[in-house]
file target35.json (JSON, C-alpha atoms)
[["chain", "number", "residue", "atom", "x", "y", "z"],
["A", 1, "MET", "CA", 90.97, 227.56, 48.80],
["A", 2, "THR", "CA", 92.08, 230.68, 50.66],
["A", 3, "ILE", "CA", 93.70, 233.35, 48.48],
["A", 4, "LEU", "CA", 93.91, 236.01, 51.20],
["A", 5, "ASP", "CA", 93.64, 235.18, 54.90],
["A", 6, "SER", "CA", 92.72, 237.58, 57.71],
["A", 7, "ARG", "CA", 96.27, 238.87, 58.08],
["A", 8, "ALA", "CA", 96.59, 239.61, 54.35],
["A", 9, "ILE", "CA", 93.18, 241.31, 54.36],
["A", 10, "GLN", "CA", 94.29, 243.59, 57.20],
["A", 11, "GLU", "CA", 97.32, 244.60, 55.14],
["A", 12, "ILE", "CA", 94.90, 245.92, 52.50],
["A", 13, "LEU", "CA", 91.88, 247.19, 54.46],
["A", 14, "PRO", "CA", 91.96, 249.81, 57.22],
["A", 15, "HIS", "CA", 89.06, 248.06, 59.07],
["A", 16, "ARG", "CA", 89.68, 246.23, 62.34],
["A", 17, "TYR", "CA", 87.68, 244.23, 64.88],
["A", 18, "PRO", "CA", 84.82, 244.59, 65.58],
["A", 19, "PHE", "CA", 84.14, 246.19, 62.21],
["A", 20, "LEU", "CA", 86.19, 243.93, 59.93],
["A", 21, "LEU", "CA", 83.45, 241.84, 58.32],
["A", 22, "VAL", "CA", 85.39, 239.56, 55.96],
["A", 23, "ASP", "CA", 87.43, 236.58, 57.14],
["A", 24, "LYS", "CA", 89.06, 235.42, 53.92],
["A", 25, "ILE", "CA", 89.09, 235.78, 50.13],
["A", 26, "ILE", "CA", 88.52, 232.56, 48.21],
["A", 27, "GLU", "CA", 88.35, 233.78, 44.59],
["A", 28, "LEU", "CA", 89.99, 236.73, 42.87],
["A", 29, "GLU", "CA", 90.09, 237.96, 39.29],
["A", 30, "PRO", "CA", 91.98, 241.28, 39.48],
["A", 31, "ARG", "CA", 89.92, 244.34, 38.46],
["A", 32, "THR", "CA", 86.95, 242.05, 37.67],
["A", 33, "ARG", "CA", 85.57, 239.85, 40.46],
["A", 34, "ILE", "CA", 86.24, 238.78, 44.04],
["A", 35, "VAL", "CA", 84.60, 236.36, 46.50],
["A", 36, "GLY", "CA", 84.99, 236.63, 50.26],
["A", 37, "VAL", "CA", 83.71, 234.69, 53.26],
["A", 38, "LYS", "CA", 82.33, 235.86, 56.59],
["A", 39, "GLN", "CA", 81.79, 233.15, 59.21],
["A", 40, "VAL", "CA", 78.85, 234.46, 61.21],
["A", 41, "THR", "CA", 79.26, 233.38, 64.83],
["A", 42, "ALA", "CA", 77.10, 233.77, 67.91],
["A", 43, "ASN", "CA", 79.84, 236.00, 69.35],
["A", 44, "GLU", "CA", 79.23, 238.86, 66.89],
["A", 45, "HIS", "CA", 78.83, 242.10, 68.84],
["A", 46, "PHE", "CA", 75.69, 243.16, 66.94],
["A", 47, "PHE", "CA", 73.71, 240.09, 68.03],
["A", 48, "GLN", "CA", 73.53, 241.45, 71.59],
["A", 49, "GLY", "CA", 70.91, 243.95, 70.49],
["A", 50, "HIS", "CA", 69.73, 242.67, 67.08],
["A", 51, "PHE", "CA", 67.71, 240.81, 68.36],
["A", 52, "PRO", "CA", 67.92, 239.27, 71.85],
["A", 53, "GLY", "CA", 66.51, 235.75, 71.62],
["A", 54, "ALA", "CA", 66.29, 235.88, 67.81],
["A", 55, "PRO", "CA", 69.72, 237.01, 66.50],
["A", 56, "VAL", "CA", 69.81, 238.32, 62.91],
["A", 57, "MET", "CA", 72.75, 239.99, 61.16],
["A", 58, "PRO", "CA", 71.65, 243.50, 60.20],
["A", 59, "GLY", "CA", 71.18, 243.93, 56.46],
["A", 60, "VAL", "CA", 73.27, 247.09, 56.47],
["A", 61, "LEU", "CA", 76.20, 245.06, 57.82],
["A", 62, "GLN", "CA", 75.79, 242.57, 54.98],
["A", 63, "ILE", "CA", 76.11, 245.52, 52.58],
["A", 64, "GLU", "CA", 79.14, 246.75, 54.57],
["A", 65, "ALA", "CA", 80.72, 243.28, 54.26],
["A", 66, "LEU", "CA", 80.17, 243.40, 50.49],
["A", 67, "ALA", "CA", 81.73, 246.87, 50.40],
["A", 68, "GLN", "CA", 84.78, 245.64, 52.30],
["A", 69, "VAL", "CA", 85.26, 242.80, 49.83],
["A", 70, "GLY", "CA", 84.88, 245.30, 46.98],
["A", 71, "ALA", "CA", 87.42, 247.61, 48.65],
["A", 72, "ILE", "CA", 89.92, 244.74, 48.71],
["A", 73, "LEU", "CA", 89.43, 244.30, 44.94],
["A", 74, "ALA", "CA", 89.95, 248.03, 44.34],
["A", 75, "LEU", "CA", 92.76, 248.72, 46.82],
["A", 76, "ARG", "CA", 94.86, 245.83, 45.52],
["A", 77, "GLU", "CA", 95.43, 247.92, 42.39],
["A", 78, "PHE", "CA", 97.24, 250.69, 44.28],
["A", 79, "GLU", "CA", 100.85, 250.43, 45.43],
["A", 80, "ASN", "CA", 100.22, 253.29, 47.87],
["A", 81, "ARG", "CA", 97.08, 251.64, 49.29],
["A", 82, "ALA", "CA", 98.24, 252.32, 52.87],
["A", 83, "ASP", "CA", 97.70, 256.01, 52.07],
["A", 84, "LYS", "CA", 94.11, 255.39, 50.85],
["A", 85, "ILE", "CA", 90.83, 254.92, 52.67],
["A", 86, "PRO", "CA", 87.55, 253.84, 51.02],
["A", 87, "PHE", "CA", 84.44, 255.93, 51.77],
["A", 88, "PHE", "CA", 80.91, 254.88, 50.78],
["A", 89, "SER", "CA", 79.48, 257.31, 48.25],
["A", 90, "GLY", "CA", 76.32, 255.43, 47.33],
["A", 91, "ILE", "CA", 74.21, 252.33, 47.69],
["A", 92, "ASP", "CA", 71.63, 251.58, 44.99],
["A", 93, "LYS", "CA", 69.15, 248.77, 44.40],
["A", 94, "ALA", "CA", 69.72, 247.26, 47.85],
["A", 95, "ARG", "CA", 67.49, 244.28, 48.58],
["A", 96, "PHE", "CA", 67.40, 241.91, 51.53],
["A", 97, "ARG", "CA", 66.09, 238.43, 50.79],
["A", 98, "ARG", "CA", 66.51, 236.27, 53.89],
["A", 99, "PRO", "CA", 67.94, 236.51, 57.41],
["A", 100, "VAL", "CA", 71.55, 235.70, 58.24],
["A", 101, "VAL", "CA", 71.88, 234.01, 61.64],
["A", 102, "PRO", "CA", 74.66, 232.63, 63.86],
["A", 103, "GLY", "CA", 76.32, 229.62, 62.27],
["A", 104, "ASP", "CA", 75.81, 230.84, 58.70],
["A", 105, "THR", "CA", 78.68, 231.09, 56.24],
["A", 106, "LEU", "CA", 78.11, 234.30, 54.30],
["A", 107, "ILE", "CA", 79.57, 234.21, 50.78],
["A", 108, "LEU", "CA", 80.27, 237.71, 49.47],
["A", 109, "GLU", "CA", 80.63, 238.05, 45.69],
["A", 110, "VAL", "CA", 81.50, 241.42, 44.18],
["A", 111, "ILE", "CA", 81.79, 242.23, 40.49],
["A", 112, "ALA", "CA", 83.50, 245.43, 39.37],
["A", 113, "LEU", "CA", 81.36, 247.69, 37.23],
["A", 114, "ARG", "CA", 83.93, 250.51, 37.31],
["A", 115, "ILE", "CA", 87.35, 250.67, 38.96],
["A", 116, "GLY", "CA", 88.96, 254.07, 38.63],
["A", 117, "SER", "CA", 91.68, 255.97, 40.43],
["A", 118, "LYS", "CA", 89.12, 257.66, 42.70],
["A", 119, "VAL", "CA", 85.60, 256.26, 42.12],
["A", 120, "GLN", "CA", 84.62, 252.59, 42.32],
["A", 121, "LYS", "CA", 81.25, 251.05, 41.40],
["A", 122, "MET", "CA", 80.48, 247.39, 42.04],
["A", 123, "GLN", "CA", 77.64, 244.89, 42.16],
["A", 124, "GLY", "CA", 77.51, 242.85, 45.35],
["A", 125, "LEU", "CA", 75.68, 239.63, 46.10],
["A", 126, "ALA", "CA", 75.62, 237.96, 49.54],
["A", 127, "LYS", "CA", 74.54, 234.32, 49.86],
["A", 128, "VAL", "CA", 74.11, 231.59, 52.44],
["A", 129, "ASP", "CA", 73.79, 227.99, 51.21],
["A", 130, "GLY", "CA", 73.31, 229.28, 47.66],
["A", 131, "GLN", "CA", 70.37, 231.50, 48.64],
["A", 132, "ILE", "CA", 70.67, 235.27, 48.18],
["A", 133, "THR", "CA", 70.54, 237.14, 51.48],
["A", 134, "ALA", "CA", 71.36, 240.65, 50.22],
["A", 135, "GLU", "CA", 72.33, 242.44, 47.05],
["A", 136, "ALA", "CA", 73.22, 246.01, 46.09],
["A", 137, "GLU", "CA", 75.18, 248.25, 43.78],
["A", 138, "ILE", "CA", 77.81, 249.93, 45.91],
["A", 139, "MET", "CA", 79.92, 252.95, 45.15],
["A", 140, "CYS", "CA", 82.91, 254.33, 47.00],
["A", 141, "ILE", "CA", 85.47, 257.06, 46.70],
["A", 142, "LEU", "CA", 89.09, 256.38, 47.58],
["A", 143, "GLY", "CA", 90.26, 259.23, 49.74],
["A", 144, "ASP", "CA", 93.68, 260.04, 51.07],
["A", 145, "ARG", "CA", 94.37, 259.15, 54.68],
["A", 146, "GLU", "CA", 95.53, 262.03, 56.79],
["A", 147, "SER", "CA", 99.04, 261.60, 58.07],
["A", 148, "LYS", "CA", 99.34, 260.95, 61.80],
["A", 149, "GLY", "CA", 102.71, 262.68, 62.13]]
call {"tool": "encode", "arguments": {"input": "target35.json", "output": "structure tokens"}}
result
Amino acid sequence: MTILDSRAIQEILPHRYPFLLVDKIIELEPRTRIVGVKQVTANEHFFQGHFPGAPVMPGVLQIEALAQVGAILALREFENRADKIPFFSGIDKARFRRPVVPGDTLILEVIALRIGSKVQKMQGLAKVDGQITAEAEIMCILGDRESKG
């Protein structure tokens, strides 16, 4: 079941193609837990160079996808979220377990460890077919967007 589709995600996140790495949200427990989905297709821009003839989604982009899902969980709590932008402030305990390739459905589960007004800390777990592909503790700071007046 889709809770947030691509359009709803783009109302929350500042990310856009080709760097928006979450297609939909399928589970959501406010301030606690969120699950997103990334359909990994052969058309992904990063596969052109990573690696020709043997395409693999870069592990750092799996962590970025987890961070984007976590940012959705955090930003939903702010009425003025259009004025906020999430910045990575740390990645701990990152591990990569198996490759993610074209055709995979990447399930992105993020559990809030701390959601504050500025600092967020979350545990992320990426899976394909029930197998862990990547995991990490991710931290971000919510900054103010500069006005484009």
call {"tool": "residues_around", "arguments": {"input": "target35.json", "residues": "segment 12-25 of chain A", "least_positions_apart": "2", "cutoff": "8 Å", "atoms": "only C-alpha atoms", "output": "list in words"}}
result
Thr2, Ile3, Leu4, Asp5, Ser6, Ala8, Ile9, Gln10, Glu27, Leu28, Ile34, Val35, Gly36, Val37, Lys38, Gln39, His45, Leu61, Glu64, Ala65, Gln68, Val69, Ala71, Ile72, Leu75, Arg76, Arg81, Ala82 and Ile85 of chain A
call {"tool": "atom_distance", "arguments": {"input": "target35.json", "atom1": "atom CA of Gly49 of chain A", "atom2": "atom CA of Val100 of chain A"}}
result
14.8 Å
call {"tool": "residues_near_point", "arguments": {"input": "target35.json", "point": "(98.4, 241.1, 37.8)", "cutoff": "12 Å", "atoms": "all atoms listed in the file", "output": "list of chain:residue names"}}
result
A:Leu28, A:Glu29, A:Pro30, A:Arg31, A:Thr32, A:Leu73, A:Arg76, A:Glu77, A:Phe78
call {"tool": "atom_distance", "arguments": {"input": "target35.json", "atom1": "atom CA of Asp104 of chain A", "atom2": "atom CA of Gln120 of chain A"}}
result
28.6 Å
call {"tool": "closest_residue", "arguments": {"input": "target35.json", "among": "A:Ala94, A:Met122, A:Ile111, A:Ile138", "to": "Gly59 of chain A", "atoms": "all atoms listed in the file"}}
result
A:Ala94
